[in-house]
Every structure is written in structure tokens, then in C-alpha cells.
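Notes follow once the structure below has been shown.
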Amino acid sequence: MIGFKLNNVAKFAERYVCRHNLRKGYRLKKPLVIESGLPEDPHSVHMVGACGVGMAGVAGLFLSSGRSVTGSDQAVYPPMSDYLERIGVKVSEGYGPENLLPRPDLVVVGNVIKKNNPEAVAVMNLQIPFVSMPEAIERYFLKDKLSLVVTGSHGKTTISSMISWILYDQGLDPSFLIGGLPLNFNISSRLGKGELFVIEGDEYDSAYFDKHPKFLHYRPFVGIVTSCEFDHCDIYQNISEIRIQFEKFLSLVPDNGSILACSDDPVVCDIIRDNNFKAETYGLRSESLWGVSHIKDTGTGMHVNFTMNRKTFVTGTLPVVGRHNLLNALVSIAAVSKVGIDPLAAFNSLKSFIGVTRRQQISTINHNITLIDDFAHHPSEVRETLAGFRLRFPGRRLVAVFEPRTNTSRRSIFQDTYVESFLQADLIALREPPDPWKAPEGDLFSSARLAEELVGKGKVAQAFPDANSIVDFLTGELQADDVVVVMSNGSFESLIARLRKRLEDCKR
């Protein structure tokens with residue numbers, strides 16, 4: 001066994017000390033667990049903004065711990081509405097004081113909720129105890145657990161899902177909270193009886209009244225940083241501000257915990273070096289402690305050698321696409337080694353890992369057209385996703401369909417960067433940003449401009465006003481054996497389902 005041998009969590013908790021970086025002078029403005037009259041054991045919990053993936057997951061945790069749970073949201077629609085109904089959470093559509101009847105013991109407020117939200121105002125007026133989602137996790141689910149926290153600009157959901165599956169497959173009965181739906185479990189959260197809690201942590205703020213990044217609430221014993229790139233430009237001005245948050249996060253890892261950092265990311269390397277963090281590195285670079293070599297796409301998986309200290313500990317094939325997913329698998333193996341799982345056993349568990357919804361989900365329709373649903377939206381995610389499928393499907397036409405929907409991607413900050421991201425594709429269909437009013441005046445991303453620049457690079461590219469026009473275009477354009485990669489962090493107006501139906505109707 002490599003790494004930490006699990007002890008009784010209560011004994012570990014006695015010596016758990018959060019180490020803030022004194023040399024840098026980091027201090028949180030207030031305690032992360034707020035002691036303002038919160039119930040120790042709430043019997044009824046109400047979720048405001050319940051249909052977010054994280055909020056729905058926390059609802060599931062509260063249900064599993066024996067509480068009654070209700071929720072509300074402005075737009076109650078699949079897939080999260082179906083998920084909440086399936087696990088037994090009644091969700092009211094729209095916000096208002098009536099949703100707080102009968103009066104709950106605790107209200108969890110999602111970070112989409114503004115201060116003037118009528119339900120948030122009612123919570124304040126009625127003096128109902130309330131918390132942010134991350135604080136609820138910290139207070140009610142982490143105090144008796146060791147947490148493995150996955151952070152970084154990319155890969156968090158897949159890595160969290162991989163770690164959770166390894167621990168479950170190896171019999172450790174973990175808890176988890178993941179920003180997606182791991183297909184091995186078909187639930188986004190789980191309250192296990194084991195001592196470990198796997199959680200996806202991001203740097204976005206927690207709530208309108210709790211401006212700390214979510215991951216600062218999660219008490220990391222094992223802290224993973226996959227990358228640190230500029231994102232969330234609605235709350236951060238530059239990469240330096242984001243870097244500070246990751247430094248704060250890593251300063252929370254205790255002396256007997258572990259930091260795993262991707263050596264392929266220069267900002268992550270700078271964070272580790274400049275703060276003298278004791279970290280184990282992983283990546284494609286030869287100096288990485290945990291490394292990969294002899295990568296080959298077999299058509300059904302990725303064949304690879306995984307190494308530690310430049311010595312191969314396993315050679316085999318995993319059912320994933322792309323080099324980035326091999327790195328996700330590698331750091332998952334490294335992480336579980338810190339809690340007593342042998343790396344070879346972890347690799348064998350990953351052979352039965354079947355992925356996450358909307359992360360490179362592959363299906364085939366008539367004329368052998370391969371349709372792929374993916375969550376990629378940041379320029380580097382788009383680039384790596386397309387590179388992986390170019391490797392998986394050599395010689396086939398690669399069609400990229402993209403929706404710039406996030407608060408960052410709908411702005412012009414990455415206007416030029418996206419050009420390089422799409423060069424692996426042969427045909428590119430781009431939706432103009434939805435909800436353009438969410439971008440500051442004069443700062444709206446232009447899909448038309450991106451299409452023009454891609455045409456100048458020799459690509460076939462076109463911009464469209466909505467998903468329906470893209471479906472119309474692709475219906476007449478797609479050819480046998482095409483590979484279509486649809487990328488969005490939202491529903492994309494049900495584009496995939498509509499395209500599938502249209503093509504199947506054409507077959508008839």
C-alpha cells in the first residue's frame with residue numbers, strides 16, 4: 001500500500017489543523033463555518049435554487065441522512081427536475097414566501113440566488129436559519145469524514161467520478177458530491193458509511209452572502225489541482241486573483257495530507273514553487289512523479305503505461321478518450337493511493353468506469369453517424385476534446401457544434417483564443433451566444449467573427465442564431481461516417497435530441 005493508512009476519523013479530527021500560509025499573510029475574512037444560530041440537526045431542509053447540479057446533489061445528501069427536503073427554482077426542467085423527482089424532492093416552480101410553508105428548520109441558498117430574490121427576502125424576514133450550499137456541506141457532512149477535494153479549471157467532474165468509483169469498487173463505501181452524473185452510480189451524490197468523502201470543488205463564490213470560493217469550505221485531506229486558467233470573468237479580474245484562491249485552498253491541506261498537482265500547467269507549477277507546498281506532481285512531463293508513456297488509441301480505449309518515479313507500475317487499456325482523460329485517470333489513482341489503495345488495484349477498478357453524463361457520451365445513429373455530447377466550453381477544453389476525438393476516429397470527418405453559454409465564453413475575452421481550439425475539426429457550426437444581455441455592453445463574443453477567422457484558416461465554418469437553425473443545417477450537411485461533437489455547458493435547446501430525431505425521420 002502506498003500513502004496514508006486510514007485511522008479512526010475522530011482521532012484524525014483531533015489533530016486536523018488548517019494551515020494558512022503565514023508568509024503570504026492569507027487570512028479568511030470570517031470563519032468559514034458561521035456560528036449564527038444554525039440548527040445542529042435540522043429535520044426539514046428547503047433548497048432555494050434546487051435545480052443546480054450541486055444543489056440537487058446536496059438535497060440528495062440531506063435525504064440520505066434522514067431529513068425531509070423541499071426545493072424551489074425559477075426554471076424546473078429536465079434533467080435535474082427528473083432527478084429530483086426520482087430521489088423524492090418536491091420542487092416548486094418560481095420563488096416566493098409560500099414555498100417556505102410549512103416553515104423549514106434550515107434553508108440552503110444556491111449561488112444563483114440574488115439578495116433581492118423574493119424567497120431570499122422572505123427567509124430573512126422570517127428569520128429562518130440559512131446557509132450557502134458549500135457551508136451546508138462543511139457543517140453537516142464533512143465533520144466526521146476525510147475529504148478528497150478535486151479542483152482546477154478542467155477535469156473536476158471526471159476525476160471526482162473516477163475516484164468515487166475506485167473507492168466504491170474497492171469496498172470503502174465512500175460518500176461523494178459531484179457536479180455531474182457518474183454513470184456507474186446514476187446519482188450525483190451519495191452518503192456512504194465509509195470514512196472518505198470525494199467532492200468536486202470550484203473557485204466560484206458560494207452565495208450572495210458568502211463570497212468565499214466553494215472549495216475553501218471543504219477541509220481537504222487530499223487536495224488535487226488539475227489546472228489554473230482564467231475563467232469566471234464575472235467575479236475575477238485576472239488570473240492572479242484566481243491563483244490566490246488556489247493558494248488559499250492548498251494552504252488548507254494539513255501536514256499529514258497530500259497535494260497532487262499537474263506539472264503540465266505552468267500556473268500550477270508556479271503556485272507550488274512560490275509557496276513551497278509539498279506536492280506530488282503528475283502529467284506528461286518527464287520530471288513528473290506520476291507519469292504516462294507509450295500512449296496509443298486502440299479505437300475502443302487508450303493503451304498506456306502509468307509510471308511512478310519513472311518506473312512503470314501498470315500497462316493496460318482504459319475505456320476513455322484523449323490524453324487528458326488518461327491524466328484524469330492517473331491522478332485518480334495517485335489520490336486513492338494516499339488512502340491505502342494499491343495503484344494496480346485502482347487501475348483495474350477503472351477498467352469498469354463507464355463515464356459521466358455529458359462528458360464525451362458517444363452514440364451512433366443511422367449511416368454510422370457518431371453523435372457525441374460533451375460539456376466542453378473553455379478554449380482549452382474544446383481543443384483537448386477535439387484532439388481526443390481526432391485521435392479516436394482517424395480519417396473520418398469531424399464536425400464541431402458549439403454554444404458559448406457561460407458567463408466567460410459569451411464575453412469576448414477568448415474571441416481570438418477559440419480559433420486555435422477548433423482547428424482539429426473539419427466543419428464547425430457555432431451558435432451565437434444565448435442571453436446576450438448577460439454580457440457587459442461592448443463585450444459580447446461573436447460567433448460570426450470566429451466563423452470568418454476559421455474560414456480564413458481553411459475550415460468550413462458558419463454561425464447560426466439558434467439551435468434550430470443548426471439542426472436544419474446539419475440535417476442537409478451530414479454525411480455517412482461523420483463524427484459530430486456537440487459542446488455546451490447547458491441543454492443547447494435540446495439540440496442533440498432534435499438532431500437525432502430529424503436524422504432518424506430522414507431515414508424513414
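A note on labels: chains of the C-alpha cells are A, B, ... as shown, every chain counts residues from 1, and ligands are counted from 1 in their shown order.
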Could you find all residues in stretch 231-392 of chain A that DSSP calls strand (DSSP E or B) from the backbone, and write them as a VMD selection string?
chain A and resid 258 to 262 280 to 283 290 to 297 302 to 308 311 to 318 339 356 359 361 to 365 369 to 374
Please, could you write that set of residues out with C-alpha atoms as a JSON list (two decimals), in the first residue's frame?
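Okay, this is what ended up in selection15.json:
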[["chain", "number", "residue", "atom", "x", "y", "z"],
["A", 258, "SER", "CA", -1.40, 15.23, 0.31],
["A", 259, "ILE", "CA", -1.31, 17.70, -2.56],
["A", 260, "LEU", "CA", -1.41, 16.38, -6.12],
["A", 261, "ALA", "CA", -0.60, 18.98, -8.79],
["A", 262, "CYS", "CA", -0.50, 18.78, -12.58],
["A", 280, "GLU", "CA", 3.41, 15.26, -5.76],
["A", 281, "THR", "CA", 3.25, 16.09, -9.45],
["A", 282, "TYR", "CA", 1.55, 14.23, -12.27],
["A", 283, "GLY", "CA", 1.50, 14.84, -16.01],
["A", 290, "TRP", "CA", 3.33, 10.23, -11.58],
["A", 291, "GLY", "CA", 3.67, 9.92, -15.35],
["A", 292, "VAL", "CA", 2.40, 8.37, -18.58],
["A", 293, "SER", "CA", 4.15, 6.91, -21.59],
["A", 294, "HIS", "CA", 3.54, 4.82, -24.71],
["A", 295, "ILE", "CA", 0.07, 6.24, -25.33],
["A", 296, "LYS", "CA", -1.98, 4.62, -28.09],
["A", 297, "ASP", "CA", -5.66, 4.91, -29.02],
["A", 302, "MET", "CA", -6.47, 4.28, -24.56],
["A", 303, "HIS", "CA", -3.49, 1.97, -24.07],
["A", 304, "VAL", "CA", -0.88, 3.41, -21.72],
["A", 305, "ASN", "CA", 1.99, 2.84, -19.33],
["A", 306, "PHE", "CA", 1.49, 4.54, -15.96],
["A", 307, "THR", "CA", 4.66, 5.29, -14.01],
["A", 308, "MET", "CA", 5.70, 6.41, -10.56],
["A", 311, "LYS", "CA", 9.05, 3.10, -13.00],
["A", 312, "THR", "CA", 6.05, 1.51, -14.71],
["A", 313, "PHE", "CA", 3.52, 0.21, -12.21],
["A", 314, "VAL", "CA", 0.90, -0.85, -14.76],
["A", 315, "THR", "CA", 0.45, -1.29, -18.51],
["A", 316, "GLY", "CA", -3.02, -1.63, -19.92],
["A", 317, "THR", "CA", -6.04, -0.11, -21.64],
["A", 318, "LEU", "CA", -8.73, 2.11, -20.14],
["A", 339, "VAL", "CA", -5.81, 6.47, 1.44],
["A", 356, "VAL", "CA", -20.20, 10.72, -16.74],
["A", 359, "ARG", "CA", -18.76, 14.11, -20.77],
["A", 361, "GLN", "CA", -21.08, 10.49, -24.27],
["A", 362, "ILE", "CA", -20.96, 8.62, -27.57],
["A", 363, "SER", "CA", -23.86, 7.18, -29.55],
["A", 364, "THR", "CA", -24.36, 6.11, -33.16],
["A", 365, "ILE", "CA", -27.34, 6.84, -35.40],
["A", 369, "ILE", "CA", -23.02, 8.95, -37.85],
["A", 370, "THR", "CA", -21.40, 9.18, -34.41],
["A", 371, "LEU", "CA", -23.01, 11.74, -32.11],
["A", 372, "ILE", "CA", -21.10, 12.94, -29.03],
["A", 373, "ASP", "CA", -22.49, 15.04, -26.17],
["A", 374, "ASP", "CA", -19.80, 16.95, -24.27]]
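The residue set within 8 Å of stretch 490-498 of chain A, counting only C-alpha atoms and dropping same-chain residues fewer than 3 places from it, reads A:Leu371, A:Asp373, A:Phe375, A:Glu403, A:Arg405, A:Ala467, A:Asn468, A:Val471, A:Val486, A:Lys501, A:Arg502.
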Report as JSON lines: every residue of stretch 100-203 of chain A with an atom at most 12 Å from stretch 327-337 of chain A, its closest pair of atoms, and their distance in Å to one decimal, counting only C-alpha atoms, with rows sorted by chain and ascending residue number.
{"residue": "A:Ser147", "atom": "CA", "partner": "A:Ala335", "partner_atom": "CA", "distance": 11.0}
{"residue": "A:Leu148", "atom": "CA", "partner": "A:Ala335", "partner_atom": "CA", "distance": 7.7}
{"residue": "A:Val149", "atom": "CA", "partner": "A:Ala335", "partner_atom": "CA", "distance": 9.7}
{"residue": "A:Val150", "atom": "CA", "partner": "A:Ser332", "partner_atom": "CA", "distance": 9.5}
{"residue": "A:Thr151", "atom": "CA", "partner": "A:Val331", "partner_atom": "CA", "distance": 11.8}
{"residue": "A:Gly152", "atom": "CA", "partner": "A:Asn328", "partner_atom": "CA", "distance": 11.6}
{"residue": "A:His154", "atom": "CA", "partner": "A:Asn328", "partner_atom": "CA", "distance": 9.7}
{"residue": "A:Gly155", "atom": "CA", "partner": "A:Asn328", "partner_atom": "CA", "distance": 6.7}
{"residue": "A:Lys156", "atom": "CA", "partner": "A:Asn328", "partner_atom": "CA", "distance": 8.6}
{"residue": "A:Thr157", "atom": "CA", "partner": "A:Asn328", "partner_atom": "CA", "distance": 9.8}
{"residue": "A:Thr158", "atom": "CA", "partner": "A:Asn328", "partner_atom": "CA", "distance": 7.0}
{"residue": "A:Ile159", "atom": "CA", "partner": "A:Asn328", "partner_atom": "CA", "distance": 5.4}
{"residue": "A:Ser160", "atom": "CA", "partner": "A:Ser332", "partner_atom": "CA", "distance": 7.8}
{"residue": "A:Ser161", "atom": "CA", "partner": "A:Ser332", "partner_atom": "CA", "distance": 9.1}
{"residue": "A:Met162", "atom": "CA", "partner": "A:Ser332", "partner_atom": "CA", "distance": 6.3}
{"residue": "A:Ile163", "atom": "CA", "partner": "A:Ser332", "partner_atom": "CA", "distance": 5.2}
{"residue": "A:Ser164", "atom": "CA", "partner": "A:Ser332", "partner_atom": "CA", "distance": 9.0}
{"residue": "A:Trp165", "atom": "CA", "partner": "A:Ser332", "partner_atom": "CA", "distance": 9.9}
{"residue": "A:Ile166", "atom": "CA", "partner": "A:Val336", "partner_atom": "CA", "distance": 7.7}
{"residue": "A:Leu167", "atom": "CA", "partner": "A:Val336", "partner_atom": "CA", "distance": 7.3}
{"residue": "A:Tyr168", "atom": "CA", "partner": "A:Val336", "partner_atom": "CA", "distance": 11.1}
{"residue": "A:Asp169", "atom": "CA", "partner": "A:Val336", "partner_atom": "CA", "distance": 11.8}
{"residue": "A:Gln170", "atom": "CA", "partner": "A:Val336", "partner_atom": "CA", "distance": 10.2}
{"residue": "A:Leu172", "atom": "CA", "partner": "A:Val336", "partner_atom": "CA", "distance": 10.7}
{"residue": "A:Pro174", "atom": "CA", "partner": "A:Val336", "partner_atom": "CA", "distance": 11.4}
{"residue": "A:Leu196", "atom": "CA", "partner": "A:Val336", "partner_atom": "CA", "distance": 10.2}
{"residue": "A:Phe197", "atom": "CA", "partner": "A:Val336", "partner_atom": "CA", "distance": 11.6}
{"residue": "A:Val198", "atom": "CA", "partner": "A:Val336", "partner_atom": "CA", "distance": 10.4}
Kindly save the residues from that selection, with C-alpha atoms included, as an mmCIF file, in the first residue's frame.
data_model
loop_
_atom_site.group_PDB
_atom_site.id
_atom_site.type_symbol
_atom_site.label_atom_id
_atom_site.label_comp_id
_atom_site.auth_asym_id
_atom_site.auth_seq_id
_atom_site.Cartn_x
_atom_site.Cartn_y
_atom_site.Cartn_z
ATOM 1 C CA SER A 147 -12.270 14.705 2.177
ATOM 2 C CA LEU A 148 -10.597 14.247 -1.184
ATOM 3 C CA VAL A 149 -11.199 17.531 -2.995
ATOM 4 C CA VAL A 150 -10.732 17.885 -6.751
ATOM 5 C CA THR A 151 -10.104 21.424 -8.002
ATOM 6 C CA GLY A 152 -8.861 23.087 -11.171
ATOM 7 C CA HIS A 154 -10.752 21.349 -16.071
ATOM 8 C CA GLY A 155 -11.423 17.677 -15.350
ATOM 9 C CA LYS A 156 -13.005 18.020 -11.896
ATOM 10 C CA THR A 157 -16.183 16.072 -12.604
ATOM 11 C CA THR A 158 -14.470 13.181 -14.349
ATOM 12 C CA ILE A 159 -11.741 12.841 -11.718
ATOM 13 C CA SER A 160 -14.233 13.019 -8.835
ATOM 14 C CA SER A 161 -16.287 10.319 -10.537
ATOM 15 C CA MET A 162 -13.233 8.122 -11.139
ATOM 16 C CA ILE A 163 -12.034 8.405 -7.545
ATOM 17 C CA SER A 164 -15.509 7.665 -6.218
ATOM 18 C CA TRP A 165 -15.806 4.576 -8.398
ATOM 19 C CA ILE A 166 -12.384 3.238 -7.386
ATOM 20 C CA LEU A 167 -13.152 3.661 -3.681
ATOM 21 C CA TYR A 168 -16.588 2.057 -4.088
ATOM 22 C CA ASP A 169 -15.249 -0.812 -6.198
ATOM 23 C CA GLN A 170 -12.526 -1.413 -3.620
ATOM 24 C CA LEU A 172 -14.521 1.565 1.045
ATOM 25 C CA PRO A 174 -17.364 6.436 0.058
ATOM 26 C CA LEU A 196 -13.967 9.139 2.879
ATOM 27 C CA PHE A 197 -15.823 11.943 1.108
ATOM 28 C CA VAL A 198 -14.991 12.800 -2.507
#
Give me, as a PyMOL selection string, the residues of stretch 208-400 of chain A that a backbone DSSP run labels helix (DSSP H, G or I).
chain A and resi 214-217+239-250+266-275+323-337+343-350+366-368+379-392
Quick one: residues within 9 Å of A:Glu384, only C-alpha atoms, excluding same-chain residues fewer than 4 positions away - as an MDAnalysis selection string?
chainID A and resid 322:324 379:380 388:389 421
Residues as selected, C-alpha atoms, written as a compact mmCIF listing (two decimals), in the first residue's frame, can you do that?
# COMPACT_ATOMS: atom_id res chain seq x y z
CA GLY A 322 -7.92 11.51 -25.16
CA ARG A 323 -4.68 12.20 -23.33
CA HIS A 324 -6.47 14.49 -20.88
CA PRO A 379 -11.00 27.10 -25.16
CA SER A 380 -8.55 24.55 -23.76
CA GLY A 388 -9.04 13.31 -28.47
CA PHE A 389 -11.75 12.50 -30.99
CA SER A 421 -9.24 25.43 -30.36
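The smallest atom-to-atom distance between A:Thr70 and any of A:Gly52, A:Pro104, A:Gly96, A:Gly180, using only C-alpha atoms, is found for A:Pro104.
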A:Ser412 environment, 9 Å, only C-alpha atoms, sequence neighbours closer than 5 positions dropped, as a PyMOL selection string
chain A and resi 439+442-446
Show me, as a PDB file with C-alpha atoms, in the first residue's frame, the residues that have an atom within 8 Å of A:Ala59 when counting only C-alpha atoms, minus same-chain residues fewer than 3 positions from it.
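part_8.pdb, freshly written:
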ATOM      1  CA  MET A  47     -33.292  24.381  -1.125  1.00  0.00           C
ATOM      2  CA  ALA A  50     -32.697  23.477  -6.163  1.00  0.00           C
ATOM      3  CA  MET A  55     -27.791  21.843  -5.086  1.00  0.00           C
ATOM      4  CA  ALA A  56     -29.607  18.731  -6.259  1.00  0.00           C
ATOM      5  CA  PHE A  62     -29.853  15.553   3.233  1.00  0.00           C
ATOM      6  CA  LEU A  63     -32.428  12.964   2.155  1.00  0.00           C
ATOM      7  CA  VAL A  69     -36.269  18.098   1.738  1.00  0.00           C
ATOM      8  CA  VAL A  89     -37.666  16.038  -3.592  1.00  0.00           C
TER       9      VAL A  89
END
Between atom CA of A:Cys228 and atom CA of A:Val267 - distance in Å to one decimal
6.0 Å
Using only C-alpha atoms, determine which residues lie at most 9 Å from A:Ile413, disregarding the query and same-chain residues fewer than 2 positions distant; provide the list as a ChimeraX atom specification.
/A:233,408-411,415-417,443-445
Using only C-alpha atoms, the best pick from A:Leu252, A:Val121, A:Leu38, A:Leu191 as closest to A:Leu216 would be A:Leu252
